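Enquirer: Have a look at the structure that comes next, please.
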Amino acid sequence: MKKSIHERFPAVALSLSLLPIKHPYEIFRDKRGHFNAKRKKRGKVQYLYGEDSQEEIENWFKTLQLEKVEIVYIYGLALGFYFEPLKAWIEKEPRHRIVFIEDDLAVIDAFIKADLSPCFDNPKVHLHFISEASKWKESLEILVSSFPSDLLIFTPLKAYSSQKKVEAMRLCLQRRASLMDVLFTEVMYAPFLFKNLHPHFKKIPESFFANRWRGRFENIPAIICGAGPSLSKEIETLKQVGDRALLFAGGSALTALTFQQVMPHIGIAIDPSSTEYDRLKESTAFEIPLIFAPRLFPKVEGLFNGPWGYLHSDTGGKIEYGLVRKLQLKETPIGPDLGCEALSVMTLSVALACAMGCNPIIFVGVDLAFTDNQSYALGVVEDVSSCLDTLKKEPKAIDQLVKLKDRKGKPIYTLVKWIMESETISRYAKVHPETQFINSTEGGIGFSDIEYRPLAEVIESDCTLFYNLQGLLHAESEENRWTHCRVEEIEAWFNEVKQSLERMHALIEEMLINTSEGRQALLELDFQEELAFDCFFQGITSIEQYKTMIKSYLETLSK
C-alpha cells in the first residue's frame, strides 16, 4: 500500500518525505475488533472513527443520493474504510470517481502504516492533499479542473463533519464545478447555441441598440423585480409606483407581474432554453420594450409586439464578438464586469440599469431562496424539477440545496446558483458606490452590505418625482434604432463565415488522410487562420469534434 501511494501520488509522497509528522496516530482495535486510530493533540484524544466504525460507515452510506452522480468527494481519508460500500458504485459507470481530500499529513501516514484498505489500487480512486491550510480554496479549484464534472457529492468523514470549513468547502466545490460545467457546455454545445444566435442576429437591424441607452436615464429610480415568493406581498405597492420608477422584469418576473395586473416598463429575456418560452407565454406584457440577448430561445419572438432592443453583453461568446467586429460597433458590452458567476437575467438587469444611469436601484421579489418553502411568486409556471422536495436529490452542483439563514436570521433553503447570484450583485454594488442599491425584498437571503428597507418606505422617500417614462422609452428606442446596419450586411457576414467553414471542412478532410508531418503543420496553420476558427472553435482540440461541429454550423447556415 505504501508503494501504491508513492507511485500514484508523487506530490503526496514528496510532502511525506519533507514535512515532519506532527501528532502521529496510533492504530488499534476497538472493543468490537474493528481497526481505528487515535492520537493526543492539545490535551484531547482524537479518533478517526467513532465507537463502531462499521455502523458509522453503514449509516453514512445510507445518506448518499448517488443517482446520476459522477464524483464522490470525501473529506477525510482515515484508514480508507469509507471506500468499501462504494465499490459496486464506482464500477457501475466509466465516469464514476472517488476523490479523498485530506489536509492532515498524519492521517495519510496512519493510512499507509495501517495498510488495511486497497482503495488506491483502483485507478478511479484518487487522493488530493491540501498542503497549505490557508489556501484550501485554491487547492479545490485545481481539483475541479482535474475532475471536470458538476454531478457531484461532497461528504465528510463523521470525525471531520464538525469542522467549521466543511460547508464552505462543499459550496466552493459546487460553485467551481458549476462554472467549469458552464464553460464546458458553452464550448461543446456551441452549435446548438448558434441555432438561437443565427435568427436573432438577423433581427438586429429592426431593433434598437440597448447599449446606447448608457447614461440616458440618469438618476431615475429603477425597481428590479424578481419572481421570488416575496414579490406577491409587494404587488399593491408596485401598482402605486406609476411613473416614479422604471420597473424592470426579466424571465419569470414578467409572467408573475402581469398575472397580478402590474405592467413593467422594460422586459429582459436571455435564456436559450425552451423553458423561457414556457414561462413567457403566460405573460401579457405584449407591447413593452423587450431587451434581448441573441442567445434567447427563438420561439419567444412570437410573444412580443413591442420594440426589441439588442443588448451586446458577453452572453453570445466569440460568435457574437465576430459580428460586432464586422459591424464596427464601438459601444462596450454591458455585463462582463459582473464577473464569472453572473449567470442569470437578474444580474444582467442590474448591469443594464446601472449603465443606464438609474439611481437608486431597488430589488423586489429577489428572494434567491425558498421563502415559506416556495420557489416562485404567484402566476409563475413551476417546473416539477424546481420543487424543494425534488431538489433534495439533485446531483447537479448548481441546483443543489444549501441551508443558510435568511435575512432575519431564520433557517432557509437556497440553491448554489442563487448564492452565486446574491454574491455577484453584492460585489457589483461595492464597485459602483456612485449608485445606491436597496433591498426591498422582505424574505430570502438578501445581499451583503446592501441595506433592507420596506418598499413602501423607499417609494415614499426615494421615488418622489414623476417622469414620462413611456415617452422617454419610446424616444430612446426610436433614436437608437439601427440606421447603418441592414439585413444584407449580416447575411453577407454569414456567407463569409459559411465559406470559411467550408474551407475548414476541406482542410479537415485532408488532415485525416495526410500523414506527412510537414503538410499536417501547414494544414493546421491554415485551419487556425480561418475567419470561422476564432468565432467557433476556441477550446476544441479533437479533429473529430471539429468535423462534427463544422457540419452542424453549416446545416444551420444553410436553412
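Scheme for the C-alpha cells: letters A, B, ... for chains in order shown; per-chain residue numbers from 1; ligand numbers from 1 in order shown.
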Tell me which protein, DNA and RNA residues are within 8 Å of A:Ala256, counting only C-alpha atoms, leaving out same-chain ones fewer than 5 positions away, and put them as a list in words.

Expert: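 The neighbour list is Ala227, Ser283, Ala377, Leu378, Gly379 and Val380 of chain A.
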
Enquirer: Output C-alpha atoms for every residue in the selection just made, as a PDB file, in the first residue's frame.

Expert:
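again_35.pdb, written as the output of this step:
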ATOM      1  CA  ALA A 227     -40.066  36.237  -9.410  1.00  0.00           C
ATOM      2  CA  SER A 283     -47.156  36.933 -19.771  1.00  0.00           C
ATOM      3  CA  ALA A 377     -44.377  34.127  -6.787  1.00  0.00           C
ATOM      4  CA  LEU A 378     -47.970  33.552  -7.846  1.00  0.00           C
ATOM      5  CA  GLY A 379     -48.536  33.178 -11.572  1.00  0.00           C
ATOM      6  CA  VAL A 380     -45.220  31.567 -12.481  1.00  0.00           C
TER       7      VAL A 380
END

Enquirer: Taking only stretch 235-430 of chain A into account, list the residues labelled strand (DSSP E or B) by DSSP (computed from the backbone), as a PyMOL selection string.

Expert: chain A and resi 246-250+266-269+290-292+308-310+361-364+396+401-405+411-415

Enquirer: Could you write out that same residue set with N, CA and C atoms as a PDB file, in the first residue's frame?

Expert:
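Listed below is the output, again.pdb:
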ATOM      1  N   LEU A 246     -38.639  53.217 -12.978  1.00  0.00           N
ATOM      2  CA  LEU A 246     -38.645  52.235 -14.062  1.00  0.00           C
ATOM      3  C   LEU A 246     -38.754  50.831 -13.474  1.00  0.00           C
ATOM      4  N   LEU A 247     -39.724  50.088 -13.951  1.00  0.00           N
ATOM      5  CA  LEU A 247     -39.914  48.714 -13.492  1.00  0.00           C
ATOM      6  C   LEU A 247     -39.262  47.762 -14.488  1.00  0.00           C
ATOM      7  N   PHE A 248     -38.218  47.036 -14.030  1.00  0.00           N
ATOM      8  CA  PHE A 248     -37.541  46.025 -14.847  1.00  0.00           C
ATOM      9  C   PHE A 248     -38.069  44.655 -14.458  1.00  0.00           C
ATOM     10  N   ALA A 249     -38.273  43.797 -15.449  1.00  0.00           N
ATOM     11  CA  ALA A 249     -38.671  42.410 -15.171  1.00  0.00           C
ATOM     12  C   ALA A 249     -38.067  41.500 -16.224  1.00  0.00           C
ATOM     13  N   GLY A 250     -37.416  40.454 -15.764  1.00  0.00           N
ATOM     14  CA  GLY A 250     -36.804  39.504 -16.684  1.00  0.00           C
ATOM     15  C   GLY A 250     -37.354  38.110 -16.480  1.00  0.00           C
ATOM     16  N   ILE A 266     -39.911  47.734 -18.732  1.00  0.00           N
ATOM     17  CA  ILE A 266     -38.869  47.107 -19.550  1.00  0.00           C
ATOM     18  C   ILE A 266     -38.837  45.613 -19.247  1.00  0.00           C
ATOM     19  N   GLY A 267     -38.834  44.800 -20.290  1.00  0.00           N
ATOM     20  CA  GLY A 267     -38.663  43.365 -20.140  1.00  0.00           C
ATOM     21  C   GLY A 267     -37.289  42.944 -20.633  1.00  0.00           C
ATOM     22  N   ILE A 268     -36.741  41.896 -20.047  1.00  0.00           N
ATOM     23  CA  ILE A 268     -35.437  41.378 -20.453  1.00  0.00           C
ATOM     24  C   ILE A 268     -35.549  39.860 -20.572  1.00  0.00           C
ATOM     25  N   ALA A 269     -35.011  39.317 -21.666  1.00  0.00           N
ATOM     26  CA  ALA A 269     -35.063  37.868 -21.883  1.00  0.00           C
ATOM     27  C   ALA A 269     -33.764  37.403 -22.524  1.00  0.00           C
ATOM     28  N   LEU A 290     -38.650  45.055 -25.178  1.00  0.00           N
ATOM     29  CA  LEU A 290     -38.021  43.822 -24.716  1.00  0.00           C
ATOM     30  C   LEU A 290     -36.532  43.862 -25.069  1.00  0.00           C
ATOM     31  N   ILE A 291     -35.709  43.853 -24.050  1.00  0.00           N
ATOM     32  CA  ILE A 291     -34.263  43.793 -24.248  1.00  0.00           C
ATOM     33  C   ILE A 291     -33.885  42.319 -24.377  1.00  0.00           C
ATOM     34  N   PHE A 292     -33.195  41.977 -25.458  1.00  0.00           N
ATOM     35  CA  PHE A 292     -32.852  40.577 -25.668  1.00  0.00           C
ATOM     36  C   PHE A 292     -31.365  40.410 -25.949  1.00  0.00           C
ATOM     37  N   TRP A 308     -38.017  45.802 -29.915  1.00  0.00           N
ATOM     38  CA  TRP A 308     -36.982  44.883 -29.443  1.00  0.00           C
ATOM     39  C   TRP A 308     -35.662  45.626 -29.368  1.00  0.00           C
ATOM     40  N   GLY A 309     -34.939  45.404 -28.272  1.00  0.00           N
ATOM     41  CA  GLY A 309     -33.651  46.070 -28.089  1.00  0.00           C
ATOM     42  C   GLY A 309     -32.520  45.064 -27.972  1.00  0.00           C
ATOM     43  N   TYR A 310     -31.595  45.106 -28.903  1.00  0.00           N
ATOM     44  CA  TYR A 310     -30.446  44.203 -28.857  1.00  0.00           C
ATOM     45  C   TYR A 310     -29.452  44.705 -27.819  1.00  0.00           C
ATOM     46  N   ILE A 361     -31.158  51.812  -7.288  1.00  0.00           N
ATOM     47  CA  ILE A 361     -31.598  50.540  -7.855  1.00  0.00           C
ATOM     48  C   ILE A 361     -32.175  49.711  -6.712  1.00  0.00           C
ATOM     49  N   ILE A 362     -33.440  49.332  -6.860  1.00  0.00           N
ATOM     50  CA  ILE A 362     -34.205  48.715  -5.771  1.00  0.00           C
ATOM     51  C   ILE A 362     -34.588  47.287  -6.177  1.00  0.00           C
ATOM     52  N   PHE A 363     -34.354  46.332  -5.286  1.00  0.00           N
ATOM     53  CA  PHE A 363     -34.677  44.931  -5.564  1.00  0.00           C
ATOM     54  C   PHE A 363     -35.972  44.535  -4.866  1.00  0.00           C
ATOM     55  N   VAL A 364     -36.885  43.963  -5.640  1.00  0.00           N
ATOM     56  CA  VAL A 364     -38.166  43.490  -5.111  1.00  0.00           C
ATOM     57  C   VAL A 364     -38.413  42.080  -5.633  1.00  0.00           C
ATOM     58  N   LYS A 396     -26.809  17.762  -9.786  1.00  0.00           N
ATOM     59  CA  LYS A 396     -26.129  18.847 -10.499  1.00  0.00           C
ATOM     60  C   LYS A 396     -25.771  19.950  -9.512  1.00  0.00           C
ATOM     61  N   LEU A 401     -29.264  21.998  -3.087  1.00  0.00           N
ATOM     62  CA  LEU A 401     -29.785  22.764  -1.960  1.00  0.00           C
ATOM     63  C   LEU A 401     -28.694  23.089  -0.946  1.00  0.00           C
ATOM     64  N   VAL A 402     -28.799  24.291  -0.381  1.00  0.00           N
ATOM     65  CA  VAL A 402     -27.904  24.722   0.696  1.00  0.00           C
ATOM     66  C   VAL A 402     -28.783  25.335   1.784  1.00  0.00           C
ATOM     67  N   LYS A 403     -28.523  24.980   3.023  1.00  0.00           N
ATOM     68  CA  LYS A 403     -29.297  25.546   4.132  1.00  0.00           C
ATOM     69  C   LYS A 403     -28.515  26.700   4.743  1.00  0.00           C
ATOM     70  N   LEU A 404     -29.101  27.888   4.691  1.00  0.00           N
ATOM     71  CA  LEU A 404     -28.483  29.096   5.256  1.00  0.00           C
ATOM     72  C   LEU A 404     -29.460  29.757   6.215  1.00  0.00           C
ATOM     73  N   LYS A 405     -29.113  30.971   6.628  1.00  0.00           N
ATOM     74  CA  LYS A 405     -30.044  31.787   7.405  1.00  0.00           C
ATOM     75  C   LYS A 405     -30.563  32.907   6.513  1.00  0.00           C
ATOM     76  N   PRO A 411     -33.543  29.819   9.614  1.00  0.00           N
ATOM     77  CA  PRO A 411     -33.086  28.835   8.626  1.00  0.00           C
ATOM     78  C   PRO A 411     -33.923  28.881   7.347  1.00  0.00           C
ATOM     79  N   ILE A 412     -33.250  28.718   6.219  1.00  0.00           N
ATOM     80  CA  ILE A 412     -33.941  28.745   4.934  1.00  0.00           C
ATOM     81  C   ILE A 412     -33.123  27.959   3.923  1.00  0.00           C
ATOM     82  N   TYR A 413     -33.816  27.351   2.963  1.00  0.00           N
ATOM     83  CA  TYR A 413     -33.129  26.647   1.883  1.00  0.00           C
ATOM     84  C   TYR A 413     -32.925  27.590   0.705  1.00  0.00           C
ATOM     85  N   THR A 414     -31.753  27.482   0.114  1.00  0.00           N
ATOM     86  CA  THR A 414     -31.465  28.197  -1.112  1.00  0.00           C
ATOM     87  C   THR A 414     -30.748  27.228  -2.046  1.00  0.00           C
ATOM     88  N   LEU A 415     -30.317  27.722  -3.203  1.00  0.00           N
ATOM     89  CA  LEU A 415     -29.589  26.900  -4.163  1.00  0.00           C
ATOM     90  C   LEU A 415     -28.212  27.485  -4.404  1.00  0.00           C
TER      91      LEU A 415
END

Enquirer: Just give me the gap between atom CA of A:Thr424 and atom CA of A:Cys225 in Å, one decimal is fine.

Expert: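 If I compute the distance from atom CA of A:Thr424 to atom CA of A:Cys225, I get 16.6 Å.
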
Enquirer: For A:Asp449, which residue out of A:Leu14, A:Cys463, A:Val431, A:Leu507 is the nearest one, using only C-alpha atoms?

Expert: A:Val431

Enquirer: Measuring atom to atom with only C-alpha atoms, identify which of A:Leu554, A:Gly80, A:Ser162, A:Leu183 is nearest to A:Glu496.

Expert: A:Leu554

Enquirer: Identify, on the basis of only C-alpha atoms, every residue whose closest approach to stretch 33-47 of chain A does not exceed 9 Å; exclude the query and any residue fewer than 3 positions from it along the same chain; express the result as a ChimeraX atom specification.

Expert: /A:23-30,50-54,78-79,107,110,114,116,159

Enquirer: Take the selection from the previous step and output its residues with N, CA and C atoms, as a short mmCIF file (atom, residue, chain, number, x, y, z; two decimals), in the first residue's frame.

Expert:
data_model
loop_
_atom_site.label_atom_id
_atom_site.label_comp_id
_atom_site.auth_asym_id
_atom_site.auth_seq_id
_atom_site.Cartn_x
_atom_site.Cartn_y
_atom_site.Cartn_z
N HIS A 23 2.00 15.09 15.72
CA HIS A 23 0.92 14.36 16.39
C HIS A 23 0.50 13.12 15.60
N PRO A 24 1.39 12.13 15.46
CA PRO A 24 1.07 10.92 14.70
C PRO A 24 -0.04 10.10 15.38
N TYR A 25 -0.73 9.32 14.55
CA TYR A 25 -1.81 8.45 15.04
C TYR A 25 -1.27 7.08 15.42
N GLU A 26 -1.96 6.46 16.36
CA GLU A 26 -1.65 5.09 16.78
C GLU A 26 -2.81 4.20 16.33
N ILE A 27 -2.49 3.11 15.64
CA ILE A 27 -3.51 2.18 15.16
C ILE A 27 -3.87 1.22 16.29
N PHE A 28 -5.16 0.94 16.46
CA PHE A 28 -5.59 -0.01 17.49
C PHE A 28 -6.91 -0.66 17.07
N ARG A 29 -7.27 -1.72 17.75
CA ARG A 29 -8.58 -2.36 17.56
C ARG A 29 -9.53 -1.93 18.68
N ASP A 30 -10.77 -1.61 18.30
CA ASP A 30 -11.73 -1.22 19.33
C ASP A 30 -12.34 -2.47 19.98
N GLY A 50 -15.73 6.56 15.03
CA GLY A 50 -16.45 6.52 16.30
C GLY A 50 -16.31 5.18 16.98
N GLU A 51 -17.16 4.94 17.93
CA GLU A 51 -17.08 3.72 18.72
C GLU A 51 -17.30 2.47 17.88
N ASP A 52 -18.13 2.56 16.86
CA ASP A 52 -18.37 1.42 15.98
C ASP A 52 -18.20 1.90 14.54
N SER A 53 -17.02 1.67 13.98
CA SER A 53 -16.72 2.20 12.64
C SER A 53 -17.62 1.59 11.57
N GLN A 54 -17.95 0.33 11.70
CA GLN A 54 -18.79 -0.32 10.69
C GLN A 54 -20.19 0.30 10.65
N ALA A 78 -8.89 8.98 6.69
CA ALA A 78 -8.85 7.99 7.79
C ALA A 78 -8.07 6.76 7.34
N LEU A 79 -8.62 5.58 7.53
CA LEU A 79 -7.93 4.35 7.13
C LEU A 79 -8.49 3.79 5.82
N VAL A 107 -2.74 11.81 9.07
CA VAL A 107 -3.77 10.85 8.68
C VAL A 107 -3.28 9.98 7.53
N ALA A 110 -0.92 7.52 8.85
CA ALA A 110 -1.61 6.42 9.54
C ALA A 110 -2.21 5.44 8.54
N ALA A 114 -1.12 1.54 8.48
CA ALA A 114 -2.13 0.52 8.74
C ALA A 114 -2.24 -0.47 7.58
N LEU A 116 -4.58 -1.19 5.41
CA LEU A 116 -5.77 -2.02 5.58
C LEU A 116 -6.76 -1.92 4.42
N ALA A 159 -15.84 12.15 11.70
CA ALA A 159 -14.89 12.84 12.58
C ALA A 159 -14.55 14.24 12.09
#

Enquirer: Quick one: residues within 7 Å of A:Pro229, only C-alpha atoms counted, chain neighbours fewer than 5 positions away excluded, as a list in words?

Expert: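 Result of the neighbour search: Gly365, Asp367, Thr371, Gln374, Ser375, Tyr376 and Ala377 of chain A.
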
Enquirer: Would you list the contacts of A:Thr464 as a list in words, taking every protein, DNA or RNA residue within 12 Å and counting only C-alpha atoms, but skipping same-chain residues closer than 5 positions in sequence?

Expert: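 Here the qualifying residues turn out to be Asn219, Ile220, Pro221, Val241, Gly242, Asp243, Arg244, Ala245, Pro360, Ala456, Glu457, Val458 and Ile459 of chain A.
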
Enquirer: Residues of the last selection are to be written out with N, CA and C atoms, as a short mmCIF file (atom, residue, chain, number, x, y, z; two decimals), in the first residue's frame.

Expert:
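Contents of again-v6.cif, as written:
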data_model
loop_
_atom_site.label_atom_id
_atom_site.label_comp_id
_atom_site.auth_asym_id
_atom_site.auth_seq_id
_atom_site.Cartn_x
_atom_site.Cartn_y
_atom_site.Cartn_z
N ASN A 219 -30.30 59.09 -12.82
CA ASN A 219 -30.98 59.37 -11.54
C ASN A 219 -32.47 59.07 -11.54
N ILE A 220 -32.93 58.31 -12.51
CA ILE A 220 -34.31 57.80 -12.45
C ILE A 220 -34.28 56.49 -11.65
N PRO A 221 -35.09 56.36 -10.62
CA PRO A 221 -35.08 55.12 -9.82
C PRO A 221 -35.45 53.90 -10.68
N VAL A 241 -46.69 52.66 -7.90
CA VAL A 241 -45.44 53.30 -8.32
C VAL A 241 -45.66 54.20 -9.52
N GLY A 242 -46.42 53.72 -10.51
CA GLY A 242 -46.68 54.51 -11.70
C GLY A 242 -45.41 54.91 -12.42
N ASP A 243 -45.26 56.20 -12.69
CA ASP A 243 -44.11 56.71 -13.43
C ASP A 243 -43.05 57.31 -12.53
N ARG A 244 -43.00 56.85 -11.29
CA ARG A 244 -41.97 57.35 -10.37
C ARG A 244 -40.69 56.51 -10.42
N ALA A 245 -40.75 55.34 -11.05
CA ALA A 245 -39.56 54.49 -11.16
C ALA A 245 -39.74 53.54 -12.33
N PRO A 360 -31.84 55.42 -7.28
CA PRO A 360 -31.30 54.17 -6.76
C PRO A 360 -31.79 52.96 -7.55
N ALA A 456 -42.56 50.27 0.46
CA ALA A 456 -43.43 51.45 0.62
C ALA A 456 -42.63 52.64 1.14
N GLU A 457 -41.72 52.37 2.07
CA GLU A 457 -40.88 53.45 2.62
C GLU A 457 -39.93 54.00 1.56
N VAL A 458 -39.37 53.12 0.75
CA VAL A 458 -38.43 53.56 -0.30
C VAL A 458 -39.16 54.40 -1.35
N ILE A 459 -40.34 53.97 -1.74
CA ILE A 459 -41.13 54.73 -2.72
C ILE A 459 -41.43 56.13 -2.18
#

Enquirer: What lies within 8 Å of stretch 397-400 of chain A using only C-alpha atoms, ignoring chain neighbours under 5 positions off, as a list in words?

Expert: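 The residues satisfying every condition are Asp150, Leu151, Leu152, Gln174, Arg175, Ala177, Ser178, Leu391, Lys392, Leu415, Val416 and Lys417 of chain A.
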
Enquirer: Running DSSP on the backbone, which parts of stretch 255-341 of chain A land in alpha helix (DSSP H), as a list in words?

Expert: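 Result set for stretch 255-341 of chain A (alpha helix (DSSP H)): Thr255, Ala256, Leu257, Thr258, Phe259, Ser274, Thr275, Glu276, Tyr277, Asp278, Arg279, Leu280, Gly317, Lys318, Ile319, Glu320, Tyr321, Gly322, Leu323, Val324, Arg325, Lys326 and Leu327 of chain A.
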
Enquirer: As JSON, numbers by chain, please: the residues near A:Leu352 (cut-off 10 Å, only C-alpha atoms, same-chain neighbours under 5 positions excluded).

Expert: {"A": [210, 211, 213, 214, 248, 268, 291, 311, 313, 334, 335, 346, 347, 357, 358]}

Enquirer: Would you output that residue set with C-alpha atoms, as a short mmCIF file (atom, residue, chain, number, x, y, z; two decimals), in the first residue's frame?

Expert:
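Dumped everything to out_15.cif:
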data_model
loop_
_atom_site.label_atom_id
_atom_site.label_comp_id
_atom_site.auth_asym_id
_atom_site.auth_seq_id
_atom_site.Cartn_x
_atom_site.Cartn_y
_atom_site.Cartn_z
CA ALA A 210 -29.85 48.99 -25.96
CA ASN A 211 -26.17 49.69 -25.25
CA TRP A 213 -29.11 53.79 -23.51
CA ARG A 214 -25.99 54.18 -21.42
CA PHE A 248 -37.54 46.03 -14.85
CA ILE A 268 -35.44 41.38 -20.45
CA ILE A 291 -34.26 43.79 -24.25
CA LEU A 311 -28.10 44.16 -25.86
CA SER A 313 -23.25 41.66 -23.49
CA ILE A 334 -22.77 45.64 -20.79
CA GLY A 335 -22.35 42.83 -18.30
CA MET A 346 -31.31 39.23 -12.87
CA THR A 347 -27.60 40.05 -12.80
CA GLY A 357 -27.68 55.73 -15.01
CA CYS A 358 -30.62 54.63 -12.85
#

Enquirer: Provide the atom CA of A:Glu141 to atom CA of A:Leu173 distance in Å, to one decimal place.

Expert: 7.4 Å

Enquirer: With only C-alpha atoms as the basis for distance, which of A:Tyr546, A:Phe81, A:Phe370, A:Phe537 is at the shortest distance from A:Gly228?

Expert: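 Ranked by minimum distance to A:Gly228, first place goes to A:Phe370.
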
Enquirer: Which residue is closest to A:Gly316? Choose from A:Leu193, A:Leu531, A:Leu501, A:Val125 and count only C-alpha atoms.

Expert: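 Closest to A:Gly316, using only C-alpha atoms: A:Leu193.
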